[in-house]
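A.B. asks: Sending over input06.txt (compact mmCIF, C-alpha atoms).
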```txt
# COMPACT_ATOMS: atom_id res chain seq x y z
CA MET N 1 -0.37 17.07 -24.73
CA PRO N 2 -2.58 14.09 -23.99
CA ASN N 3 -2.76 11.51 -26.76
CA ASN N 4 -6.42 10.79 -27.69
CA ALA N 5 -5.48 7.49 -29.39
CA ALA N 6 -4.41 6.12 -26.01
CA PHE N 7 -7.90 6.78 -24.67
CA LEU N 8 -9.78 5.48 -27.73
CA GLU N 9 -8.21 2.04 -27.41
CA LEU N 10 -9.88 1.67 -24.01
CA GLY N 11 -13.21 1.37 -25.77
CA SER N 12 -12.17 -0.85 -28.66
CA LYS N 13 -9.23 -3.20 -28.01
CA PRO N 14 -9.80 -6.69 -26.48
CA ILE N 15 -10.26 -6.50 -22.71
CA GLY N 16 -7.65 -9.16 -21.92
CA ARG N 17 -4.92 -7.38 -23.88
CA LEU N 18 -5.88 -4.01 -22.38
CA LEU N 19 -5.85 -5.37 -18.85
CA MET N 20 -2.45 -6.93 -19.48
CA LYS N 21 -1.10 -3.68 -20.93
CA TYR N 22 -2.33 -1.42 -18.13
CA ALA N 23 -1.92 -3.83 -15.22
CA THR N 24 1.56 -5.22 -15.96
CA PRO N 25 3.56 -2.07 -15.05
CA ALA N 26 1.44 -1.57 -11.92
CA VAL N 27 1.78 -5.24 -10.88
CA ILE N 28 5.56 -5.14 -11.37
CA ALA N 29 5.81 -1.92 -9.35
CA MET N 30 3.56 -3.26 -6.58
CA THR N 31 5.46 -6.56 -6.46
CA ALA N 32 8.73 -4.69 -6.21
CA SER N 33 7.27 -2.54 -3.44
CA SER N 34 6.19 -5.59 -1.44
CA LEU N 35 9.61 -7.20 -1.96
CA TYR N 36 11.04 -3.98 -0.57
CA ASN N 37 9.40 -4.73 2.82
CA ILE N 38 10.15 -8.46 2.69
CA VAL N 39 13.86 -7.94 1.97
CA ASP N 40 14.24 -5.59 4.95
CA ALA N 41 12.59 -8.13 7.26
CA ILE N 42 14.67 -11.05 5.93
CA PHE N 43 18.00 -9.27 6.36
CA ILE N 44 16.99 -7.94 9.79
CA GLY N 45 15.72 -11.32 10.97
CA GLN N 46 18.76 -13.24 9.72
CA GLY N 47 21.37 -10.59 10.51
CA VAL N 48 20.10 -9.05 13.77
CA GLY N 49 17.72 -11.54 15.44
CA PRO N 50 14.11 -12.53 16.22
CA LEU N 51 13.47 -9.61 18.60
CA ALA N 52 14.56 -7.26 15.81
CA ILE N 53 11.74 -8.68 13.65
CA ALA N 54 9.33 -7.87 16.48
CA GLY N 55 10.81 -4.37 16.61
CA ILE N 56 10.43 -3.85 12.86
CA SER N 57 6.84 -5.13 13.08
CA LEU N 58 6.06 -2.41 15.61
CA THR N 59 7.26 0.23 13.15
CA PHE N 60 4.56 -0.80 10.64
CA PRO N 61 1.75 1.32 12.18
CA VAL N 62 4.13 4.29 12.56
CA MET N 63 5.11 4.09 8.91
CA GLN N 64 1.48 3.56 7.91
CA MET N 65 0.56 6.75 9.75
CA THR N 66 3.16 8.77 7.85
CA ALA N 67 2.06 7.03 4.63
CA ALA N 68 -1.52 8.15 5.33
CA PHE N 69 -0.50 11.80 5.12
CA GLY N 70 1.75 11.16 2.13
CA SER N 71 -0.96 9.32 0.18
CA MET N 72 -3.44 12.11 0.89
CA ILE N 73 -1.15 14.47 -1.03
CA GLY N 74 0.19 12.06 -3.67
CA VAL N 75 -3.05 10.28 -4.60
CA GLY N 76 -5.15 13.44 -4.33
CA ALA N 77 -2.83 15.61 -6.43
CA SER N 78 -2.17 12.94 -9.09
CA THR N 79 -5.91 12.33 -9.50
CA LEU N 80 -6.48 16.08 -9.77
CA LEU N 81 -3.75 16.25 -12.42
CA SER N 82 -5.52 13.60 -14.50
CA VAL N 83 -8.80 15.50 -14.20
CA LYS N 84 -7.23 18.83 -15.20
CA LEU N 85 -5.49 17.26 -18.19
CA GLY N 86 -8.83 15.80 -19.26
CA GLU N 87 -10.46 19.22 -18.86
CA LYS N 88 -7.58 20.78 -20.83
CA ASP N 89 -6.92 23.13 -17.91
CA TYR N 90 -3.20 23.05 -18.63
CA ASP N 91 -2.24 26.06 -16.50
CA VAL N 92 -3.52 24.45 -13.30
CA ALA N 93 -2.13 21.05 -14.37
CA ARG N 94 1.39 22.48 -14.59
CA ARG N 95 1.09 24.16 -11.19
CA ILE N 96 0.04 20.92 -9.46
CA LEU N 97 3.58 19.53 -9.72
CA GLY N 98 5.06 22.53 -7.85
CA ASN N 99 2.34 22.39 -5.20
CA VAL N 100 3.00 18.67 -4.66
CA VAL N 101 6.68 19.36 -4.01
CA VAL N 102 5.96 22.16 -1.52
CA LEU N 103 3.20 20.23 0.29
CA ASN N 104 5.36 17.12 0.62
CA VAL N 105 8.30 19.12 1.99
CA ILE N 106 6.09 20.86 4.56
CA MET N 107 4.14 17.75 5.57
CA GLY N 108 7.19 15.49 5.59
CA ALA N 109 9.26 17.88 7.71
CA LEU N 110 6.53 18.68 10.24
CA LEU N 111 5.40 15.08 10.67
CA GLY N 112 8.95 13.74 10.85
CA ALA N 113 10.06 16.31 13.44
CA LEU N 114 6.93 15.87 15.57
CA MET N 115 7.19 12.08 15.67
CA LEU N 116 10.94 12.21 16.39
CA CYS N 117 10.24 14.34 19.46
CA PHE N 118 7.85 11.75 20.87
CA ILE N 119 9.24 8.56 19.32
CA ASN N 120 9.53 6.54 22.57
CA PRO N 121 5.96 7.26 23.83
CA ILE N 122 4.61 6.58 20.32
CA LEU N 123 6.36 3.20 20.09
CA TYR N 124 5.23 2.15 23.58
CA PHE N 125 1.68 3.16 22.66
CA PHE N 126 1.92 1.04 19.52
CA GLY N 127 2.96 -2.02 21.57
CA ALA N 128 6.72 -1.83 22.12
CA THR N 129 8.27 -3.49 25.18
CA GLU N 130 11.61 -2.98 26.93
CA GLN N 131 13.01 -5.83 24.82
CA THR N 132 11.89 -4.45 21.44
CA VAL N 133 11.72 -0.66 21.79
CA SER N 134 15.42 -0.12 21.07
CA TYR N 135 15.17 -1.97 17.75
CA ALA N 136 12.04 -0.09 16.72
CA ARG N 137 13.53 3.27 17.80
CA ASP N 138 16.85 2.72 16.00
CA PHE N 139 14.96 1.95 12.78
CA MET N 140 12.42 4.77 13.01
CA VAL N 141 14.89 7.52 13.96
CA VAL N 142 16.63 7.07 10.59
CA ILE N 143 13.35 6.74 8.67
CA LEU N 144 11.75 9.80 10.28
CA ALA N 145 14.91 11.87 9.80
CA GLY N 146 14.47 11.29 6.08
CA ASN N 147 10.69 11.66 6.07
CA VAL N 148 10.82 14.52 3.55
CA ILE N 149 12.70 12.28 1.11
CA THR N 150 10.10 9.52 1.50
CA HIS N 151 7.17 11.90 0.97
CA LEU N 152 8.76 13.44 -2.13
CA TYR N 153 9.70 10.03 -3.54
CA PHE N 154 6.15 8.64 -3.30
CA GLY N 155 4.56 11.94 -4.30
CA LEU N 156 6.61 12.33 -7.49
CA ASN N 157 6.03 8.68 -8.38
CA ALA N 158 2.28 9.28 -8.25
CA MET N 159 2.77 12.33 -10.46
CA LEU N 160 4.78 10.28 -12.97
CA ARG N 161 1.86 7.85 -13.36
CA ALA N 162 -0.64 10.69 -13.75
CA ALA N 163 1.61 12.44 -16.30
CA SER N 164 1.47 9.36 -18.58
CA HIS N 165 4.81 7.89 -17.47
CA PRO N 166 3.78 4.56 -15.85
CA ARG N 167 6.96 2.89 -17.07
CA GLU N 168 9.18 5.45 -15.33
CA ALA N 169 7.09 5.14 -12.14
CA MET N 170 7.54 1.37 -12.30
CA LEU N 171 11.29 1.69 -12.86
CA ALA N 172 11.59 4.10 -9.92
CA THR N 173 10.13 1.45 -7.61
CA ILE N 174 12.31 -1.31 -9.07
CA TYR N 175 15.49 0.79 -8.80
CA THR N 176 14.69 1.50 -5.14
CA VAL N 177 14.28 -2.21 -4.36
CA VAL N 178 17.46 -3.19 -6.21
CA LEU N 179 19.51 -0.54 -4.39
CA ASN N 180 18.00 -1.59 -1.07
CA VAL N 181 18.85 -5.26 -1.71
CA MET N 182 22.44 -4.28 -2.49
CA LEU N 183 22.94 -1.92 0.46
CA CYS N 184 21.04 -3.77 3.20
CA PRO N 185 23.40 -6.79 3.53
CA LEU N 186 26.42 -4.49 3.17
CA PHE N 187 25.33 -2.29 6.07
CA ILE N 188 24.15 -5.18 8.29
CA TYR N 189 26.75 -7.91 7.67
CA VAL N 190 29.85 -5.95 6.63
CA PHE N 191 29.54 -2.65 8.53
CA HIS N 192 27.58 -4.24 11.43
CA TRP N 193 25.16 -1.31 11.68
CA GLY N 194 22.27 -3.58 12.64
CA ILE N 195 18.70 -2.42 12.21
CA SER N 196 19.86 1.19 11.72
CA GLY N 197 21.79 -0.02 8.69
CA ALA N 198 18.60 -1.47 7.18
CA ALA N 199 16.83 1.87 7.67
CA LEU N 200 19.79 3.76 6.19
CA ALA N 201 19.76 1.46 3.15
CA THR N 202 16.10 2.33 2.65
CA MET N 203 16.70 6.07 2.86
CA ILE N 204 19.75 6.06 0.56
CA SER N 205 17.81 4.02 -2.01
CA GLN N 206 14.89 6.44 -1.95
CA ALA N 207 17.15 9.50 -2.06
CA THR N 208 19.07 8.16 -5.06
CA VAL N 209 15.91 7.42 -7.03
CA LEU N 210 14.45 10.78 -5.97
CA CYS N 211 17.37 12.47 -7.73
CA TRP N 212 16.45 10.54 -10.88
CA GLN N 213 12.80 11.63 -10.51
CA PHE N 214 13.94 15.25 -10.21
CA LYS N 215 15.94 14.80 -13.41
CA LEU N 216 12.87 13.44 -15.23
CA PHE N 217 10.74 16.39 -14.15
CA SER N 218 13.51 18.84 -15.05
CA ASN N 219 13.18 17.96 -18.73
CA LYS N 220 11.67 21.07 -20.33
CA ASN N 221 10.52 19.02 -23.31
CA GLU N 222 7.98 17.32 -21.04
CA PHE N 223 4.59 18.98 -20.70
CA ILE N 224 4.66 18.61 -16.87
CA HIS N 225 8.05 19.81 -15.63
CA PHE N 226 9.70 22.01 -13.02
CA GLU N 227 9.50 25.68 -13.93
CA ARG N 228 9.20 29.09 -12.29
CA GLY N 229 5.89 30.18 -10.87
CA ILE N 230 4.44 26.74 -10.03
CA TYR N 231 5.51 26.48 -6.38
CA LYS N 232 3.16 29.00 -4.80
CA LEU N 233 0.40 27.10 -2.99
CA LYS N 234 -3.00 27.64 -4.60
CA LYS N 235 -6.29 27.02 -2.79
CA ARG N 236 -7.87 25.57 -5.94
CA ILE N 237 -5.12 22.93 -5.97
CA VAL N 238 -4.50 22.26 -2.26
CA VAL N 239 -8.16 21.90 -1.18
CA PRO N 240 -9.22 19.49 -3.98
CA SER N 241 -6.02 17.46 -3.49
CA PHE N 242 -6.75 16.95 0.19
CA THR N 243 -10.43 16.25 -0.49
CA ILE N 244 -9.73 13.64 -3.16
CA GLY N 245 -6.96 12.10 -1.05
CA LEU N 246 -9.20 11.78 2.02
CA SER N 247 -10.24 8.22 1.12
CA PRO N 248 -6.73 6.66 1.03
CA PHE N 249 -5.83 8.77 4.09
CA LEU N 250 -8.70 7.26 6.10
CA ILE N 251 -7.92 3.74 4.88
CA ASN N 252 -4.24 4.03 5.89
CA LEU N 253 -5.15 5.60 9.22
CA THR N 254 -7.63 2.80 9.92
CA GLY N 255 -4.95 0.25 9.04
CA CYS N 256 -2.67 1.94 11.56
CA THR N 257 -5.39 1.70 14.23
CA VAL N 258 -5.93 -2.00 13.53
CA ALA N 259 -2.18 -2.69 13.74
CA ILE N 260 -2.12 -1.05 17.18
CA PHE N 261 -5.02 -3.24 18.41
CA ILE N 262 -3.39 -6.40 17.03
CA ASN N 263 0.07 -5.64 18.47
CA LYS N 264 -1.33 -4.82 21.91
CA SER N 265 -3.52 -7.94 21.92
CA LEU N 266 -0.57 -10.12 20.89
CA LEU N 267 1.48 -8.74 23.77
CA LEU N 268 -1.41 -9.13 26.22
CA TYR N 269 -2.15 -12.77 25.34
CA GLY N 270 1.28 -13.79 24.00
CA GLY N 271 4.62 -12.02 23.80
CA ASP N 272 7.26 -10.39 21.62
CA LEU N 273 7.74 -13.48 19.45
CA ASP N 274 4.02 -13.50 18.64
CA VAL N 275 4.42 -9.91 17.42
CA ALA N 276 7.39 -11.04 15.33
CA SER N 277 5.29 -13.90 13.89
CA TYR N 278 2.58 -11.48 12.90
CA GLY N 279 5.18 -9.29 11.20
CA ILE N 280 6.44 -12.24 9.13
CA CYS N 281 2.93 -13.38 8.14
CA ASN N 282 1.85 -9.82 7.37
CA ARG N 283 4.78 -9.15 5.06
CA PHE N 284 4.22 -12.40 3.18
CA SER N 285 0.51 -11.67 2.69
CA PHE N 286 1.33 -8.16 1.47
CA PHE N 287 3.29 -9.67 -1.42
CA PHE N 288 0.07 -11.10 -2.90
CA LEU N 289 -2.17 -8.21 -1.86
CA MET N 290 0.08 -5.72 -3.64
CA ILE N 291 -0.20 -7.76 -6.86
CA VAL N 292 -3.99 -7.54 -6.55
CA MET N 293 -3.68 -3.78 -6.03
CA GLY N 294 -1.65 -3.64 -9.25
CA LEU N 295 -4.46 -5.44 -11.09
CA ASN N 296 -6.85 -2.85 -9.66
CA GLN N 297 -4.72 -0.04 -11.03
CA GLY N 298 -4.85 -1.68 -14.46
CA MET N 299 -8.62 -2.10 -14.24
CA GLN N 300 -9.37 1.52 -13.26
CA PRO N 301 -8.86 3.34 -16.59
CA ILE N 302 -10.63 0.60 -18.59
CA VAL N 303 -13.71 0.48 -16.34
CA GLY N 304 -13.82 4.26 -15.90
CA TYR N 305 -13.67 4.98 -19.65
CA ASN N 306 -16.26 2.37 -20.65
CA TYR N 307 -18.59 3.25 -17.80
CA GLY N 308 -18.48 6.89 -18.92
CA ALA N 309 -19.02 5.77 -22.53
CA ASN N 310 -22.09 3.78 -21.42
CA ASN N 311 -20.65 0.45 -22.57
CA PRO N 312 -21.84 -2.03 -19.88
CA PRO N 313 -20.62 -5.24 -21.61
CA ARG N 314 -17.00 -4.03 -21.56
CA VAL N 315 -17.37 -2.83 -17.97
CA LYS N 316 -18.69 -6.24 -16.92
CA ALA N 317 -16.04 -8.14 -18.91
CA THR N 318 -13.23 -6.08 -17.37
CA LEU N 319 -14.58 -6.62 -13.87
CA ILE N 320 -14.93 -10.40 -14.33
CA LYS N 321 -11.43 -10.81 -15.79
CA THR N 322 -9.93 -8.75 -12.96
CA ILE N 323 -11.77 -10.76 -10.29
CA VAL N 324 -10.57 -14.02 -11.89
CA ALA N 325 -6.97 -12.80 -12.09
CA ALA N 326 -7.04 -11.53 -8.49
CA THR N 327 -8.53 -14.81 -7.26
CA VAL N 328 -5.76 -16.78 -8.98
CA VAL N 329 -3.17 -14.61 -7.22
CA VAL N 330 -4.63 -14.99 -3.72
CA CYS N 331 -5.19 -18.72 -4.26
CA ALA N 332 -1.48 -19.00 -5.04
CA GLY N 333 -0.78 -17.38 -1.67
CA PHE N 334 -3.19 -19.79 0.02
CA MET N 335 -1.50 -22.82 -1.58
CA ALA N 336 1.95 -21.56 -0.55
CA SER N 337 0.77 -21.23 3.07
CA ILE N 338 -0.47 -24.84 2.99
CA LEU N 339 2.39 -26.49 1.08
CA VAL N 340 5.57 -24.62 2.07
CA PRO N 341 4.94 -22.58 5.26
CA TYR N 342 8.22 -23.71 6.85
CA GLN N 343 10.28 -22.61 3.85
CA ILE N 344 8.53 -19.21 3.84
CA VAL N 345 9.17 -18.55 7.51
CA ARG N 346 12.70 -19.97 7.45
CA ALA N 347 13.68 -17.23 4.99
CA PHE N 348 13.05 -14.66 7.74
CA THR N 349 14.60 -16.33 10.80
CA THR N 350 16.61 -19.26 12.14
CA ASP N 351 14.99 -19.15 15.59
CA ALA N 352 13.23 -22.53 16.04
CA HIS N 353 10.50 -21.25 18.36
CA LEU N 354 9.69 -18.29 16.12
CA ILE N 355 9.55 -20.64 13.10
CA ASP N 356 7.08 -22.98 14.86
CA LEU N 357 4.84 -20.07 15.90
CA SER N 358 4.89 -18.47 12.46
CA VAL N 359 4.11 -21.72 10.62
CA HIS N 360 1.07 -22.22 12.88
CA TYR N 361 -0.13 -18.62 12.50
CA ILE N 362 0.42 -18.36 8.74
CA ARG N 363 -1.99 -21.27 8.22
CA ILE N 364 -4.63 -19.47 10.30
CA LEU N 365 -4.22 -16.11 8.55
CA PHE N 366 -4.35 -17.62 5.04
CA CYS N 367 -7.28 -20.01 5.54
CA THR N 368 -9.76 -17.52 4.00
CA PHE N 369 -7.26 -15.85 1.67
CA PRO N 370 -9.00 -17.03 -1.55
CA LEU N 371 -11.92 -14.69 -0.69
CA ILE N 372 -9.81 -11.55 -0.52
CA GLY N 373 -9.37 -11.03 -4.26
CA PHE N 374 -13.10 -10.57 -4.86
CA GLN N 375 -13.49 -8.19 -1.93
CA ILE N 376 -10.59 -5.93 -2.93
CA VAL N 377 -11.49 -5.78 -6.65
CA VAL N 378 -15.18 -5.03 -6.08
CA THR N 379 -14.36 -2.34 -3.51
CA ASN N 380 -12.11 -0.67 -6.08
CA PHE N 381 -14.73 -1.20 -8.82
CA PHE N 382 -17.22 0.91 -6.86
CA GLN N 383 -14.71 3.75 -6.84
CA CYS N 384 -14.14 3.36 -10.61
CA ILE N 385 -17.85 3.84 -11.38
CA GLY N 386 -18.25 6.77 -8.99
CA VAL N 387 -19.91 4.90 -6.08
CA VAL N 388 -17.32 6.38 -3.72
CA LYS N 389 -19.31 6.17 -0.46
CA LYS N 390 -19.79 2.42 -0.79
CA SER N 391 -16.14 2.00 -1.72
CA ILE N 392 -15.00 3.87 1.40
CA PHE N 393 -17.53 1.99 3.55
CA LEU N 394 -16.27 -1.39 2.34
CA SER N 395 -12.63 -0.34 2.77
CA LEU N 396 -13.21 0.79 6.35
CA SER N 397 -15.85 -1.76 7.41
CA ARG N 398 -13.49 -4.73 7.22
CA GLN N 399 -11.22 -3.13 9.78
CA LEU N 400 -13.48 -0.95 11.93
CA ILE N 401 -16.75 -2.89 11.95
CA PHE N 402 -15.52 -6.49 11.73
CA LEU N 403 -11.83 -6.85 12.53
CA ILE N 404 -11.41 -4.69 15.65
CA PRO N 405 -14.45 -6.21 17.46
CA ALA N 406 -13.14 -9.69 16.58
CA VAL N 407 -9.70 -8.78 17.98
CA LEU N 408 -11.35 -7.62 21.21
CA ILE N 409 -13.65 -10.64 21.60
CA LEU N 410 -12.00 -13.83 20.26
CA PRO N 411 -8.81 -13.80 22.41
CA HIS N 412 -10.98 -14.05 25.54
CA PHE N 413 -11.98 -17.54 24.37
CA MET N 414 -9.01 -18.64 22.25
CA GLY N 415 -6.01 -16.79 23.70
CA VAL N 416 -3.36 -15.55 21.27
CA ASP N 417 -4.81 -17.78 18.53
CA GLY N 418 -7.95 -15.65 18.74
CA VAL N 419 -5.98 -12.57 17.66
CA PHE N 420 -4.93 -14.33 14.48
CA TRP N 421 -8.37 -15.90 13.87
CA SER N 422 -9.92 -12.42 14.04
CA ILE N 423 -8.35 -11.59 10.66
CA PRO N 424 -10.02 -14.41 8.65
CA VAL N 425 -13.28 -13.74 10.55
CA GLY N 426 -13.10 -10.09 9.44
CA ASP N 427 -12.33 -11.18 5.88
CA VAL N 428 -15.34 -13.51 5.70
CA ALA N 429 -17.70 -10.85 7.10
CA ALA N 430 -16.30 -8.18 4.76
CA THR N 431 -16.57 -10.44 1.70
CA PHE N 432 -20.19 -11.32 2.54
CA THR N 433 -21.03 -7.62 2.96
CA THR N 434 -19.24 -6.80 -0.30
CA PHE N 435 -21.22 -9.47 -2.16
CA ILE N 436 -24.56 -8.08 -0.92
CA LEU N 437 -23.71 -4.47 -1.87
CA PHE N 438 -22.28 -5.67 -5.19
CA TRP N 439 -25.49 -7.58 -6.01
CA ILE N 440 -27.62 -4.53 -5.16
CA GLU N 441 -25.44 -2.18 -7.21
CA MET N 442 -25.39 -4.53 -10.20
CA ARG N 443 -29.22 -4.62 -10.21
CA LYS N 444 -29.26 -0.80 -10.32
CA PHE N 445 -26.59 -0.82 -13.01
CA ARG N 446 -28.55 -3.23 -15.20
CA ALA N 447 -31.76 -1.23 -14.69
CA GLN N 448 -30.04 2.02 -15.76
CA THR N 449 -28.55 0.46 -18.90
CA ASN N 450 -31.89 -1.09 -19.92
CA ASN N 451 -33.69 2.29 -19.75
```
Since I need it in another form, could you write the structure as structure tokens?

C.D. replies:
Amino acid sequence: MPNNAAFLELGSKPIGRLLMKYATPAVIAMTASSLYNIVDAIFIGQGVGPLAIAGISLTFPVMQMTAAFGSMIGVGASTLLSVKLGEKDYDVARRILGNVVVLNVIMGALLGALMLCFINPILYFFGATEQTVSYARDFMVVILAGNVITHLYFGLNAMLRAASHPREAMLATIYTVVLNVMLCPLFIYVFHWGISGAALATMISQATVLCWQFKLFSNKNEFIHFERGIYKLKKRIVVPSFTIGLSPFLINLTGCTVAIFINKSLLLYGGDLDVASYGICNRFSFFFLMIVMGLNQGMQPIVGYNYGANNPPRVKATLIKTIVAATVVVCAGFMASILVPYQIVRAFTTDAHLIDLSVHYIRILFCTFPLIGFQIVVTNFFQCIGVVKKSIFLSLSRQLIFLIPAVLILPHFMGVDGVFWSIPVGDVAATFTTFILFWIEMRKFRAQTNN
């Protein structure tokens, strides 16, 4: 049963210690997850070649599309589980686990099979060329064949966090990365399986950790565990799960759309190596962004509890400390892009031309990076205090309202550089918009607390 003492500390213990306690497991898990993508790209770039990096970059929107459906189930169901545990509706809470398993099997199988049938047209639509499509296809065929495993792995990890097992969820991510780091060079350099070997390493890692997750949920001493009678789909579970998960679904889907626009623009004004450069820069930026997302996960329960308890000073203190921490993280990324861009890029490839391009582009992409921490934290803060519409608007506006128009306009004047400059332009516009909405919301917040 839920432990009330764990909730009471949210309203009493020092904010800094609380944020450290709740954010550290999430930050470690998110960092491991970002390393997961970086390791794949490094081994592929060094062991297969520069065009393989371009190919793996083209798989990003495909994987983001499958992740959109997976997050709709995982995030939605895990949030619903937290709500039902809070409401002490334990019968429904237990059934959510079984419904998550069934939904992930159905969604993973259908989506994987459908995309496998049309993999070549999908990859060409996402920006593949005759030189890169074979690399992208070889990688995605393996990934999509194991799509059910991926959906179950991420879905059960979300359930572990919601069932008060953040440490186990963190370890699941770390184990997956460690296994992937061990298997990837073995399959690429020893067995010479190329990019397919990298994909197979990913799937074996996830499948192995999935078995461990199944073992955890098979423990009958745990309140949430596998048992008879929980696998029949229930409308009161499925509908709310999809409704709650609609926000991350839309955000992932929008990210997929943006990736398509960027890849196509890079091919139109540049070439395959420009796509590869974007893939390198994108993976490096994700390392820092995932740490910020981990800080957000640590902030959520503290802000949510104190906002519900009508304790504005603790809400404000938590928000400020999270913004400061996030800004430190993104500033570290900015400094790395200025001081050691060659060393960063060199880890991914030995191709001299690709290194020169990536060093140039990484400096463009990171020039406004110090602004990103504020924008991401405040967007998440709105969701924490129940201002969901503004949170979704800010999440989508950066990509739909600012970034895509910039991608369509700037290259006409700046060529391929304009594609990369569109990202910092979108970040500046999104941060300015976030600041205005944040200022308005804070005035309302202060007015409500004074009454």

A.B. asks: Hey, which of N:Pro240, N:Thr66, N:Arg443, N:Phe287 ends up closest to N:Val92? Count all atoms listed in the file.

C.D. replies: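 Once distances to N:Val92 are computed over all atoms listed in the file, the minimum belongs to N:Pro240.
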
A.B. asks: Just how far from atom CA of N:Gly194 is atom CA of N:Tyr135, in Å to one decimal?

C.D. replies: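 Computed distance, atom CA of N:Tyr135 to atom CA of N:Gly194, equals 8.9 Å.
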
A.B. asks: Pick out the residues sitting within 8 Å of stretch 369-371 of chain N, and hand them over as a PyMOL selection string; count all atoms listed in the file, and ignore anything fewer than 3 positions along from it in its own chain.

C.D. replies: chain N and resi 327+330-331+333-334+365-366+374-375+424+427-428+431

A.B. asks: Emit the selected residues as a compact mmCIF listing (two decimals), keeping the file's coordinate frame, including C-alpha atoms.

C.D. replies:
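Okay, this is what ended up in result_28.txt:
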```
# COMPACT_ATOMS: atom_id res chain seq x y z
CA THR N 327 -8.53 -14.81 -7.26
CA VAL N 330 -4.63 -14.99 -3.72
CA CYS N 331 -5.19 -18.72 -4.26
CA GLY N 333 -0.78 -17.38 -1.67
CA PHE N 334 -3.19 -19.79 0.02
CA LEU N 365 -4.22 -16.11 8.55
CA PHE N 366 -4.35 -17.62 5.04
CA PHE N 374 -13.10 -10.57 -4.86
CA GLN N 375 -13.49 -8.19 -1.93
CA PRO N 424 -10.02 -14.41 8.65
CA ASP N 427 -12.33 -11.18 5.88
CA VAL N 428 -15.34 -13.51 5.70
CA THR N 431 -16.57 -10.44 1.70
```

A.B. asks: Determine, counting only C-alpha atoms, every residue of protein, DNA or RNA that lies within 12 Å of (5.8, -9.6, -12.1) in the file coordinates, then give the result as a ChimeraX atom specification.

C.D. replies: /N:20,23-35,170,174,287-288,290-292,294-295,329

A.B. asks: Between atom CA of N:Val148 and atom CA of N:Leu114, what is the spacing in Å?

C.D. replies: 12.7 Å

A.B. asks: Around (-3.0, 18.4, -16.6) in the file's own coordinates, what residues are found within 12 Å if you use only C-alpha atoms, given back as a ChimeraX atom specification?

C.D. replies: /N:1-2,77-97,159-160,162-164,222-225,237

A.B. asks: Select, from N:Val177, N:Ile188, N:Val303, N:Ile423, the residue with the minimum atom-to-atom distance to N:Ser285, counting only C-alpha atoms.

C.D. replies: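 Using only C-alpha atoms, N:Ser285 sits closest to N:Ile423.
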
A.B. asks: So how many Å separate atom CA of N:Phe226 and atom CA of N:Ser205, to one decimal?

C.D. replies: 22.6 Å
